[in-house]
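Next comes model34.cif, with mmCIF, C-alpha atoms.
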```cif
data_final
#
loop_
_atom_site.group_PDB
_atom_site.id
_atom_site.type_symbol
_atom_site.label_atom_id
_atom_site.label_comp_id
_atom_site.auth_asym_id
_atom_site.auth_seq_id
_atom_site.Cartn_x
_atom_site.Cartn_y
_atom_site.Cartn_z
ATOM 1 C CA MET A 1 -7.248 -35.847 49.344
ATOM 2 C CA ARG A 2 -8.807 -37.372 46.255
ATOM 3 C CA LYS A 3 -11.619 -34.829 46.382
ATOM 4 C CA PHE A 4 -9.067 -32.024 46.728
ATOM 5 C CA LEU A 5 -7.055 -33.327 43.760
ATOM 6 C CA ALA A 6 -10.217 -33.681 41.702
ATOM 7 C CA LEU A 7 -11.230 -30.075 42.487
ATOM 8 C CA PHE A 8 -7.692 -28.871 41.803
ATOM 9 C CA MET A 9 -7.555 -30.617 38.427
ATOM 10 C CA ALA A 10 -11.015 -29.305 37.515
ATOM 11 C CA SER A 11 -9.921 -25.775 38.420
ATOM 12 C CA MET A 12 -6.732 -26.061 36.394
ATOM 13 C CA THR A 13 -8.681 -27.395 33.419
ATOM 14 C CA LEU A 14 -10.999 -24.372 33.617
ATOM 15 C CA ILE A 15 -8.070 -21.959 33.908
ATOM 16 C CA PHE A 16 -6.330 -23.449 30.892
ATOM 17 C CA ALA A 17 -9.577 -23.391 28.928
ATOM 18 C CA LEU A 18 -10.093 -19.706 29.753
ATOM 19 C CA ALA A 19 -6.497 -18.929 28.840
ATOM 20 C CA ALA A 20 -6.924 -20.680 25.525
ATOM 21 C CA CYS A 21 -10.040 -18.619 24.843
ATOM 22 C CA GLY A 22 -8.074 -15.456 25.533
ATOM 23 C CA GLN A 23 -5.418 -16.346 22.964
ATOM 24 C CA LYS A 24 -7.536 -15.815 19.880
ATOM 25 C CA ASP A 25 -6.492 -17.474 16.668
ATOM 26 C CA ILE A 26 -5.994 -14.455 14.408
ATOM 27 C CA SER A 27 -4.023 -16.253 11.714
ATOM 28 C CA GLY A 28 -4.917 -15.472 8.122
ATOM 29 C CA ASP A 29 -4.424 -12.893 5.394
ATOM 30 C CA TYR A 30 -5.164 -9.190 5.914
ATOM 31 C CA THR A 31 -5.175 -6.105 3.706
ATOM 32 C CA ALA A 32 -4.677 -2.428 4.522
ATOM 33 C CA THR A 33 -5.086 0.611 2.294
ATOM 34 C CA VAL A 34 -3.027 3.739 2.933
ATOM 35 C CA LYS A 35 -3.470 6.984 1.024
ATOM 36 C CA MET A 36 -0.315 8.210 -0.698
ATOM 37 C CA SER A 37 -0.970 11.680 0.728
ATOM 38 C CA ASP A 38 -0.816 10.197 4.244
ATOM 39 C CA ILE A 39 2.722 8.957 3.676
ATOM 40 C CA ASN A 40 4.379 12.273 2.881
ATOM 41 C CA ASP A 41 3.565 15.885 2.082
ATOM 42 C CA ALA A 42 4.322 15.683 -1.646
ATOM 43 C CA ALA A 43 0.721 16.575 -2.503
ATOM 44 C CA GLU A 44 0.923 19.750 -0.435
ATOM 45 C CA LYS A 45 4.224 20.742 -2.056
ATOM 46 C CA ALA A 46 3.147 19.897 -5.620
ATOM 47 C CA ASP A 47 3.358 22.880 -7.972
ATOM 48 C CA ASP A 48 1.118 21.376 -10.668
ATOM 49 C CA ALA A 49 -2.369 19.888 -10.676
ATOM 50 C CA ILE A 50 -1.295 16.533 -12.130
ATOM 51 C CA THR A 51 1.181 15.706 -9.362
ATOM 52 C CA LYS A 52 -1.175 17.021 -6.700
ATOM 53 C CA GLY A 53 -4.097 14.983 -8.056
ATOM 54 C CA PHE A 54 -1.951 11.853 -8.315
ATOM 55 C CA MET A 55 -0.733 12.098 -4.726
ATOM 56 C CA GLU A 56 -4.209 12.841 -3.393
ATOM 57 C CA ASN A 57 -5.946 10.007 -5.244
ATOM 58 C CA MET A 58 -3.390 7.198 -5.248
ATOM 59 C CA ASN A 59 -3.563 4.491 -2.581
ATOM 60 C CA ILE A 60 -1.002 1.928 -1.445
ATOM 61 C CA THR A 61 -2.136 -1.583 -0.539
ATOM 62 C CA LEU A 62 -0.294 -3.535 2.151
ATOM 63 C CA LYS A 63 -0.645 -7.270 2.641
ATOM 64 C CA MET A 64 -0.223 -8.951 6.028
ATOM 65 C CA ASN A 65 -0.040 -12.681 6.658
ATOM 66 C CA LEU A 66 -0.242 -14.182 10.135
ATOM 67 C CA ASP A 67 0.356 -17.843 10.785
ATOM 68 C CA LYS A 68 0.290 -19.295 14.286
ATOM 69 C CA LYS A 69 3.331 -17.322 15.451
ATOM 70 C CA ASN A 70 4.954 -15.493 12.519
ATOM 71 C CA TYR A 71 3.899 -12.459 10.523
ATOM 72 C CA SER A 72 4.902 -10.772 7.296
ATOM 73 C CA ILE A 73 3.846 -7.410 5.908
ATOM 74 C CA SER A 74 4.610 -6.401 2.342
ATOM 75 C CA LEU A 75 3.688 -3.889 -0.303
ATOM 76 C CA ASP A 76 1.292 -5.169 -2.976
ATOM 77 C CA SER A 77 3.649 -4.013 -5.714
ATOM 78 C CA ASP A 78 1.649 -5.515 -8.589
ATOM 79 C CA LYS A 79 -1.446 -3.558 -7.585
ATOM 80 C CA LEU A 80 0.547 -0.360 -7.088
ATOM 81 C CA ILE A 81 2.095 -0.590 -10.560
ATOM 82 C CA SER A 82 -1.293 -1.418 -12.082
ATOM 83 C CA ASP A 83 -2.970 1.495 -10.289
ATOM 84 C CA VAL A 84 -0.273 3.963 -11.361
ATOM 85 C CA LYS A 85 -0.590 2.840 -14.992
ATOM 86 C CA GLN A 86 -4.374 3.147 -14.806
ATOM 87 C CA TYR A 87 -4.147 6.643 -13.345
ATOM 88 C CA ALA A 88 -1.731 7.699 -16.083
ATOM 89 C CA THR A 89 -4.036 6.184 -18.728
ATOM 90 C CA ASP A 90 -7.105 7.946 -17.346
ATOM 91 C CA HIS A 91 -5.312 11.309 -17.097
ATOM 92 C CA PHE A 92 -3.117 11.064 -20.186
ATOM 93 C CA ASP A 93 -4.548 14.180 -21.870
ATOM 94 C CA GLU A 94 -4.007 16.239 -18.720
ATOM 95 C CA ILE A 95 -0.426 14.952 -18.400
ATOM 96 C CA VAL A 96 0.330 15.897 -22.018
ATOM 97 C CA ASP A 97 -1.269 19.322 -21.532
ATOM 98 C CA GLU A 98 0.909 19.957 -18.481
ATOM 99 C CA ALA A 99 4.063 18.767 -20.280
ATOM 100 C CA LEU A 100 3.344 21.011 -23.275
ATOM 101 C CA LYS A 101 2.517 23.923 -20.981
ATOM 102 C CA GLN A 102 5.964 23.665 -19.416
ATOM 103 C CA GLN A 103 7.395 24.013 -22.954
ATOM 104 C CA ASN A 104 5.146 27.004 -23.680
ATOM 105 C CA MET A 105 3.168 24.906 -26.146
ATOM 106 C CA ASP A 106 -0.318 23.463 -26.496
ATOM 107 C CA LYS A 107 -1.991 20.647 -28.441
ATOM 108 C CA SER A 108 -3.109 22.909 -31.250
ATOM 109 C CA GLN A 109 0.536 23.175 -32.311
ATOM 110 C CA ILE A 110 0.841 19.393 -32.782
ATOM 111 C CA THR A 111 -0.752 19.183 -36.225
ATOM 112 C CA ASP A 112 -0.986 16.250 -38.643
ATOM 113 C CA ASP A 113 1.547 17.974 -40.877
ATOM 114 C CA LEU A 114 4.033 18.377 -38.009
ATOM 115 C CA ALA A 115 3.481 14.747 -36.938
ATOM 116 C CA LYS A 116 4.064 13.494 -40.490
ATOM 117 C CA ARG A 117 7.321 15.422 -40.714
ATOM 118 C CA ALA A 118 8.353 13.643 -37.514
ATOM 119 C CA GLY A 119 7.589 10.266 -39.102
ATOM 120 C CA TYR A 120 4.035 9.641 -37.848
ATOM 121 C CA ASP A 121 0.904 9.117 -39.929
ATOM 122 C CA SER A 122 -1.045 11.717 -37.965
ATOM 123 C CA ALA A 123 -1.145 13.727 -34.765
ATOM 124 C CA GLN A 124 -3.263 10.964 -33.213
ATOM 125 C CA ALA A 125 -0.633 8.361 -34.150
ATOM 126 C CA PHE A 126 1.957 10.562 -32.457
ATOM 127 C CA TYR A 127 -0.160 10.757 -29.279
ATOM 128 C CA ASP A 128 -0.773 7.002 -29.297
ATOM 129 C CA GLU A 129 2.962 6.303 -29.523
ATOM 130 C CA LEU A 130 3.700 8.903 -26.846
ATOM 131 C CA LYS A 131 1.152 7.255 -24.552
ATOM 132 C CA ASN A 132 2.651 3.791 -25.059
ATOM 133 C CA GLN A 133 6.177 5.058 -24.406
ATOM 134 C CA MET A 134 5.091 6.985 -21.303
ATOM 135 C CA LEU A 135 3.263 4.001 -19.782
ATOM 136 C CA LYS A 136 6.190 1.668 -20.538
ATOM 137 C CA ALA A 137 8.713 4.085 -19.015
ATOM 138 C CA MET A 138 6.496 4.547 -15.965
ATOM 139 C CA GLU A 139 6.106 0.792 -15.459
ATOM 140 C CA ASP A 140 9.866 0.213 -15.781
ATOM 141 C CA ALA A 141 10.601 3.000 -13.300
ATOM 142 C CA MET A 142 8.067 1.624 -10.823
ATOM 143 C CA LYS A 143 9.523 -1.880 -11.065
ATOM 144 C CA LYS A 144 13.001 -0.515 -10.351
ATOM 145 C CA GLU A 145 11.754 1.353 -7.289
ATOM 146 C CA VAL A 146 9.961 -1.738 -6.001
ATOM 147 C CA ALA A 147 13.041 -3.872 -6.701
ATOM 148 C CA LYS A 148 15.171 -1.458 -4.646
ATOM 149 C CA GLY A 149 12.761 -2.040 -1.810
ATOM 150 C CA ILE A 150 10.193 0.439 -0.577
ATOM 151 C CA ASP A 151 10.621 0.486 3.195
ATOM 152 C CA THR A 152 7.411 -1.302 4.123
ATOM 153 C CA ASN A 153 8.375 -4.958 4.068
ATOM 154 C CA SER A 154 8.530 -6.484 7.518
ATOM 155 C CA LYS A 155 8.571 -9.923 9.084
ATOM 156 C CA GLY A 156 9.108 -11.563 12.441
ATOM 157 C CA ASN A 157 7.096 -13.275 15.134
ATOM 158 C CA TYR A 158 4.207 -12.123 17.260
ATOM 159 C CA LYS A 159 2.100 -13.100 20.221
ATOM 160 C CA VAL A 160 -1.439 -12.331 21.328
ATOM 161 C CA ALA A 161 -2.107 -11.070 24.843
ATOM 162 C CA GLY A 162 -5.283 -9.520 26.202
ATOM 163 C CA GLY A 163 -6.728 -8.398 22.889
ATOM 164 C CA LYS A 164 -3.359 -7.050 21.741
ATOM 165 C CA VAL A 165 -0.934 -8.272 19.122
ATOM 166 C CA ILE A 166 2.695 -7.782 20.139
ATOM 167 C CA PHE A 167 5.162 -7.798 17.245
ATOM 168 C CA ALA A 168 8.806 -8.767 17.523
ATOM 169 C CA GLU A 169 10.314 -7.076 14.508
ATOM 170 C CA GLY A 170 12.827 -8.596 12.156
ATOM 171 C CA GLY A 171 14.311 -5.833 10.043
ATOM 172 C CA SER A 172 11.147 -3.775 9.665
ATOM 173 C CA LYS A 173 11.386 -0.149 8.597
ATOM 174 C CA LEU A 174 7.794 0.622 9.600
ATOM 175 C CA GLY A 175 8.380 0.722 13.328
ATOM 176 C CA LEU A 176 5.531 -1.568 14.314
ATOM 177 C CA GLY A 177 4.038 -1.139 17.749
ATOM 178 C CA GLN A 178 1.261 -3.127 19.360
ATOM 179 C CA GLY A 179 -1.804 -4.082 17.386
ATOM 180 C CA GLN A 180 -5.330 -3.802 18.745
ATOM 181 C CA ILE A 181 -7.661 -6.659 17.829
ATOM 182 C CA ASN A 182 -11.025 -5.074 17.063
ATOM 183 C CA LYS A 183 -14.457 -6.637 17.476
ATOM 184 C CA ASP A 184 -14.934 -6.961 13.731
ATOM 185 C CA GLY A 185 -11.711 -8.985 13.398
ATOM 186 C CA SER A 186 -9.643 -6.146 11.977
ATOM 187 C CA ILE A 187 -6.310 -5.213 13.559
ATOM 188 C CA THR A 188 -5.182 -1.629 14.155
ATOM 189 C CA ILE A 189 -1.386 -1.478 14.312
ATOM 190 C CA LYS A 190 0.519 1.434 15.790
ATOM 191 C CA ILE A 191 3.572 2.561 13.831
ATOM 192 C CA SER A 192 6.414 4.844 14.806
ATOM 193 C CA ASP A 193 8.052 5.692 11.466
ATOM 194 C CA SER A 194 8.611 9.443 11.715
ATOM 195 C CA LYS A 195 8.547 9.809 7.911
ATOM 196 C CA LEU A 196 4.856 8.919 7.829
ATOM 197 C CA LYS A 197 2.068 11.378 8.552
ATOM 198 C CA ILE A 198 -0.053 8.666 10.191
ATOM 199 C CA ASP A 199 0.433 6.780 13.445
ATOM 200 C CA HIS A 200 -1.564 3.629 12.730
ATOM 201 C CA ILE A 201 -2.613 1.272 9.945
ATOM 202 C CA ASP A 202 -5.896 -0.657 9.887
ATOM 203 C CA PHE A 203 -5.663 -4.201 8.535
ATOM 204 C CA VAL A 204 -8.910 -5.921 7.526
ATOM 205 C CA LYS A 205 -9.036 -9.707 7.392
ATOM 206 C CA ASN A 206 -9.632 -11.112 3.930
ATOM 207 C CA LYS A 207 -12.792 -13.149 3.460
#
```
Step by step, read the file and then write its structure as structure tokens.
Amino acid sequence: MRKFLALFMASMTLIFALAACGQKDISGDYTATVKMSDINDAAEKADDAITKGFMENMNITLKMNLDKKNYSISLDSDKLISDVKQYATDHFDEIVDEALKQQNMDKSQITDDLAKRAGYDSAQAFYDELKNQMLKAMEDAMKKEVAKGIDTNSKGNYKVAGGKVIFAEGGSKLGLGQGQINKDGSITIKISDSKLKIDHIDFVKNK
């Protein structure tokens, strides 16, 4: 009987050890990058090069945190606002050209004399002020949109089973499905939001 109990306890110890190995500790911080053009078809519908280029080149960064049993996924709003401002800064001349084109004008018509009559020292001073106002207005608009809540934020609890992450959602708008734990430590999460053009998001663990 003692030998049987000893074997039984040894077997149970092994089983529990194997089970513990199967439940990988995947806690930590993760990041995913999603192309703006993969979220909707705005780039395809754009009727000007500026909007089309913006939608095709802009990315959205999502942050995911996993502790032992809870998860949270959120938009990296600071990075998004910073990236939008940088894009607008880098393409300012093209944006102005497009805006003037829609008014049947071009830059050659914005002379120093015209700028001075409008209260500016020169045409360049006018452009500098226009750029500052545009970037400020864009940042304010972005902050309002983020404050209203872009439908990516999600939180709840999860469990790991057989190389899968199973999410129990708590008010998510993404429609999270199961996540696949990959060999490199990344997690591929299925999503069911019909508004998106993609069906999964790849989260890479931060180093």
Item to check | Residue among A:Lys85, A:Lys190, A:Val34, A:Ile39 lying closest to Ala141 of chain A, counting all atoms listed in the file | outcome: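 Selected residue with least distance to Ala141 of chain A: A:Lys85.
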Checklist entry - Taking the file as shown, what set of residues would the PyMOL selection byres ((chain A and resi 107) around 12) give back, as a list of chain:residue names? => result A:Asp93, A:Glu94, A:Ile95, A:Val96, A:Asp97, A:Glu98, A:Ala99, A:Leu100, A:Lys101, A:Gln103, A:Asn104, A:Met105, A:Asp106, A:Ser108, A:Gln109, A:Ile110, A:Thr111, A:Asp112, A:Leu114, A:Ala115, A:Ala123, A:Gln124, A:Phe126, A:Tyr127
Next on the checklist: To one decimal place in Å, what is the distance between atom CA of Thr89 of chain A and atom CA of Lys144 of chain A?
Outcome noted: 20.1 Å
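For the atom pair formed by atom CA of Ser77 of chain A and atom CA of Asn59 of chain A, the distance is 11.6 Å, given to one decimal.
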Checklist entry - What lies within 9 Å of Asp29 of chain A using all atoms listed in the file, ignoring chain neighbours under 5 positions off, as number ranges by chain? => result A: 63-67, 204-207
Residues in the PyMOL selection byres ((chain A and resi 157-170) around 9), expressed as a PDB file with C-alpha atoms, in the coordinates of the input:
```pdb
ATOM      1  CA  GLY A  22      -8.074 -15.456  25.533  1.00  0.00           C
ATOM      2  CA  GLN A  23      -5.418 -16.346  22.964  1.00  0.00           C
ATOM      3  CA  LYS A  24      -7.536 -15.815  19.880  1.00  0.00           C
ATOM      4  CA  ASP A  25      -6.492 -17.474  16.668  1.00  0.00           C
ATOM      5  CA  ILE A  26      -5.994 -14.455  14.408  1.00  0.00           C
ATOM      6  CA  LEU A  66      -0.242 -14.182  10.135  1.00  0.00           C
ATOM      7  CA  LYS A  68       0.290 -19.295  14.286  1.00  0.00           C
ATOM      8  CA  LYS A  69       3.331 -17.322  15.451  1.00  0.00           C
ATOM      9  CA  ASN A  70       4.954 -15.493  12.519  1.00  0.00           C
ATOM     10  CA  TYR A  71       3.899 -12.459  10.523  1.00  0.00           C
ATOM     11  CA  SER A  72       4.902 -10.772   7.296  1.00  0.00           C
ATOM     12  CA  SER A 154       8.530  -6.484   7.518  1.00  0.00           C
ATOM     13  CA  LYS A 155       8.571  -9.923   9.084  1.00  0.00           C
ATOM     14  CA  GLY A 156       9.108 -11.563  12.441  1.00  0.00           C
ATOM     15  CA  GLY A 171      14.311  -5.833  10.043  1.00  0.00           C
ATOM     16  CA  SER A 172      11.147  -3.775   9.665  1.00  0.00           C
ATOM     17  CA  GLY A 175       8.380   0.722  13.328  1.00  0.00           C
ATOM     18  CA  LEU A 176       5.531  -1.568  14.314  1.00  0.00           C
ATOM     19  CA  GLY A 177       4.038  -1.139  17.749  1.00  0.00           C
ATOM     20  CA  GLN A 178       1.261  -3.127  19.360  1.00  0.00           C
ATOM     21  CA  GLY A 179      -1.804  -4.082  17.386  1.00  0.00           C
ATOM     22  CA  GLN A 180      -5.330  -3.802  18.745  1.00  0.00           C
ATOM     23  CA  ILE A 181      -7.661  -6.659  17.829  1.00  0.00           C
ATOM     24  CA  ASN A 182     -11.025  -5.074  17.063  1.00  0.00           C
ATOM     25  CA  ILE A 187      -6.310  -5.213  13.559  1.00  0.00           C
ATOM     26  CA  ILE A 189      -1.386  -1.478  14.312  1.00  0.00           C
TER      27      ILE A 189
END
```
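The space separating atom CA of Asp128 of chain A from atom CA of Thr51 of chain A comes to 21.8 Å.
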Checklist entry - If the PyMOL selection byres ((chain A and resi 82) around 12) is run on the structure shown, which residues does it catch, given as a list in words? => result Met58, Asn59, Ile60, Thr61, Asp76, Ser77, Asp78, Lys79, Leu80, Ile81, Asp83, Val84, Lys85, Gln86, Tyr87, Ala88, Thr89, Leu135, Lys136, Met138, Glu139, Asp140, Met142 and Lys143 of chain A
Kindly list the centre and edge lengths in Å, rounded to one decimal, for the axis-aligned box that covers all listed atoms of segment 115-133 of chain A plus 8 Å on each of its six sides, as lines of an AutoDock Vina configuration file.
```
center_x = 2.5
center_y = 9.6
center_z = -32.6
size_x = 27.6
size_y = 27.6
size_z = 32.3
```
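Considering all atoms listed in the file, the residue among A:Asn153, A:Thr31, A:Ser37, A:Ala118 positioned nearest to Lys197 of chain A is A:Ser37.
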Next on the checklist: When you count all atoms listed in the file, which of these residues is closest to Gly53 of chain A: A:Gly119, A:Ala137, A:Met36, A:Asp184?
Outcome noted: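 Answer, going by the shortest atom-to-atom distance: A:Met36.
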